[in-house]
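Novice: My structure is below; once you've seen it, I'll send some questions.
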Amino acid sequence: MSGLLSSVAAYTVLLTLLVSTAEHLSRPAALAEALAAHRVLPAPVAVAALAIASEGLLAGAGIVALLLDSGAGLLIAVLVGGAALLGLYAGYGLHLMSTGRTGSCGCSRVELPMTGWVVARASILAGLALVAVLLSGSIVPASRVDASLAVVLLASATFTALLWHLPAAMYEPATAPAARPTNARSIGMTQGGLPG
């Protein structure tokens, strides 16, 4: 059972980092613009480039480690790095929310505000990375093509999709207040429906 848990956790973290890198590369300016709007970090373009490069390097190195039979040490380093990066994301999001700077999160091509769901996603992923580190000895390598790898890939792809879309799915944009219902007296009607 620990093999399934650790494997799904590791693959989910790596797939999410890969998806995040692809999203950022499809609209490279989104993260830098969001960081500039937050007015928290100096040099938002450089920080954005560093964050995107870190995600890409971690995802790539993690995939290589899963494909290599002797990649356990590299995989642990990648998962620790992923936990640290995702923990920083969660901390940054908490800081933004606590100071009232809740502009765009800059986490994808879609314009989403920084909400507790963005922080929750980063926290969950950081936790999954730590679980994978703690149980790293039982992670199913990608080089072992069998039914257990298929289950791990299906489960981690599902969790990646769910976690990636969580902030967008839970976001409720502010809507105009609903029109106040009128009753018969407010529009000059009597109880019989005839004008009064």
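By convention here, the chains of the structure tokens are called A, B, ... in the order presented, each chain's residues are numbered starting at 1, and ligands are numbered starting at 1 in the order presented.
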List every residue of range 3-25 of chain A that has an atom at most 12 Å from any atom of range 69-76 of chain A, giving for each one its closest atom pair and the distance in Å to one decimal, counting only C-alpha atoms, sorted by chain and then by ascending residue number, as JSON lines.

Specialist:
```
{"residue": "A:Ser6", "atom": "CA", "partner": "A:Ile76", "partner_atom": "CA", "distance": 11.6}
{"residue": "A:Ser7", "atom": "CA", "partner": "A:Leu75", "partner_atom": "CA", "distance": 11.4}
{"residue": "A:Ala10", "atom": "CA", "partner": "A:Leu75", "partner_atom": "CA", "distance": 8.9}
{"residue": "A:Tyr11", "atom": "CA", "partner": "A:Leu75", "partner_atom": "CA", "distance": 10.7}
{"residue": "A:Val13", "atom": "CA", "partner": "A:Leu75", "partner_atom": "CA", "distance": 11.6}
{"residue": "A:Leu14", "atom": "CA", "partner": "A:Leu75", "partner_atom": "CA", "distance": 10.1}
```

Novice: Please produce an output containing N, CA, C and O atoms for each residue in the selection, written as an mmCIF file, in the first residue's frame.

Specialist:
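Writing done, so here's again.cif:
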```cif
data_model
loop_
_atom_site.group_PDB
_atom_site.id
_atom_site.type_symbol
_atom_site.label_atom_id
_atom_site.label_comp_id
_atom_site.auth_asym_id
_atom_site.auth_seq_id
_atom_site.Cartn_x
_atom_site.Cartn_y
_atom_site.Cartn_z
ATOM 1 N N SER A 6 3.134 6.343 -2.154
ATOM 2 C CA SER A 6 4.346 7.106 -2.466
ATOM 3 C C SER A 6 4.475 7.355 -3.961
ATOM 4 O O SER A 6 4.879 8.443 -4.386
ATOM 5 N N SER A 7 4.107 6.382 -4.762
ATOM 6 C CA SER A 7 4.222 6.525 -6.214
ATOM 7 C C SER A 7 3.239 7.555 -6.750
ATOM 8 O O SER A 7 3.612 8.424 -7.548
ATOM 9 N N ALA A 10 4.460 11.021 -5.691
ATOM 10 C CA ALA A 10 5.613 11.484 -6.466
ATOM 11 C C ALA A 10 5.216 11.844 -7.896
ATOM 12 O O ALA A 10 5.573 12.915 -8.408
ATOM 13 N N TYR A 11 4.478 10.973 -8.546
ATOM 14 C CA TYR A 11 4.089 11.220 -9.934
ATOM 15 C C TYR A 11 3.152 12.426 -10.034
ATOM 16 O O TYR A 11 3.227 13.197 -10.990
ATOM 17 N N VAL A 13 3.117 15.107 -8.068
ATOM 18 C CA VAL A 13 3.944 16.312 -7.918
ATOM 19 C C VAL A 13 4.701 16.595 -9.211
ATOM 20 O O VAL A 13 4.710 17.728 -9.710
ATOM 21 N N LEU A 14 5.307 15.572 -9.795
ATOM 22 C CA LEU A 14 6.095 15.776 -11.016
ATOM 23 C C LEU A 14 5.214 16.166 -12.196
ATOM 24 O O LEU A 14 5.571 17.057 -12.982
#
```

Novice: Give the alpha helix (DSSP H) residues of chain A, as DSSP finds them on the backbone, and put them as a VMD selection string.

Specialist: chain A and resid 2 to 26 29 to 38 44 to 67 72 to 98 116 to 134 147 to 170

Novice: Nearest to Gly87 in chain A: which of A:Ala120, A:Cys107, A:Val64, A:Leu57 is it, counting only C-alpha atoms?

Specialist: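 Using only C-alpha atoms, the shortest distance to Gly87 in chain A belongs to A:Ala120.
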
Novice: Quick one, how far is CA of Leu58 in chain A from CA of Leu86 in chain A?

Specialist: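 Distance reported for this atom pair: 11.4 Å.
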
Novice: Which of these residues is nearest to His38 in chain A, using only C-alpha atoms: A:Met97, A:Ala22, A:Ala9, A:Ala77?

Specialist: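 Selected residue with least distance to His38 in chain A: A:Met97.
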
Novice: Of the candidates A:Leu149, A:Ser143, A:Thr102, A:Gly81, which shows the shortest atom-to-atom distance to Leu67 in chain A, using only C-alpha atoms?

Specialist: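 The closest residue to Leu67 in chain A is A:Ser143.
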
Novice: Residues near range 44-55 of chain A, anyone? I mean within 10 Å using only C-alpha atoms, not counting same-chain ones fewer than 5 positions away, as a PyMOL selection string.

Specialist: chain A and resi 14+16-25+28-39+60-61+81-82+85-86+89+106

Novice: Mind running range 128-168 of chain A against range 121-124 of chain A at 12 Å and telling me each contacting residue's nearest atom pair with the distance in Å (one decimal), counting only C-alpha atoms, chain and number ascending, as a Markdown table?

Specialist:
```
| residue | atom | partner | partner_atom | distance |
| --- | --- | --- | --- | --- |
| A:Leu128 | CA | A:Ile124 | CA | 6.2 |
| A:Ala129 | CA | A:Ile124 | CA | 8.7 |
| A:Leu130 | CA | A:Ile124 | CA | 9.9 |
| A:Val131 | CA | A:Ile124 | CA | 10.4 |
| A:Phe159 | CA | A:Ile124 | CA | 10.9 |
| A:Thr160 | CA | A:Arg121 | CA | 10.2 |
| A:Ala161 | CA | A:Arg121 | CA | 11.5 |
| A:Leu162 | CA | A:Arg121 | CA | 9.8 |
| A:Leu163 | CA | A:Arg121 | CA | 6.1 |
| A:Trp164 | CA | A:Arg121 | CA | 7.6 |
| A:His165 | CA | A:Arg121 | CA | 9.4 |
| A:Leu166 | CA | A:Arg121 | CA | 7.3 |
| A:Pro167 | CA | A:Arg121 | CA | 7.6 |
| A:Ala168 | CA | A:Arg121 | CA | 11.1 |
```

Novice: Go ahead and save the picked residues with C-alpha atoms, as a short mmCIF file (atom, residue, chain, number, x, y, z; two decimals), in the first residue's frame.

Specialist:
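Saved result, selection_27.cif, follows:
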```
data_model
loop_
_atom_site.label_atom_id
_atom_site.label_comp_id
_atom_site.auth_asym_id
_atom_site.auth_seq_id
_atom_site.Cartn_x
_atom_site.Cartn_y
_atom_site.Cartn_z
CA LEU A 128 2.51 15.03 -1.32
CA ALA A 129 6.17 15.70 -2.12
CA LEU A 130 7.09 15.15 1.54
CA VAL A 131 5.06 11.92 1.66
CA PHE A 159 -5.08 13.89 -9.08
CA THR A 160 -2.97 16.26 -11.18
CA ALA A 161 -6.00 17.31 -13.22
CA LEU A 162 -8.16 17.74 -10.12
CA LEU A 163 -5.55 19.74 -8.23
CA TRP A 164 -4.64 21.86 -11.23
CA HIS A 165 -8.25 22.88 -11.83
CA LEU A 166 -9.18 23.22 -8.15
CA PRO A 167 -8.70 27.02 -7.85
CA ALA A 168 -10.62 27.69 -11.08
#
```

Novice: Tell me which of A:Leu15, A:Ala43, A:Ala83, A:Leu66 sits closest to Leu134 in chain A, counting only C-alpha atoms.

Specialist: A:Ala83

Novice: For a quick check of understanding, using only C-alpha atoms, which of A:Glu111, A:Gly100, A:Ile63, A:Tyr92 has the smallest distance to Arg27 in chain A?

Specialist: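 Among A:Glu111, A:Gly100, A:Ile63, A:Tyr92, it is A:Glu111 that comes nearest to Arg27 in chain A.
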
Novice: Which one is closest to Leu154 in chain A: A:Val78, A:Ala126, A:Thr12, A:Ser2? Count only C-alpha atoms.

Specialist: A:Thr12
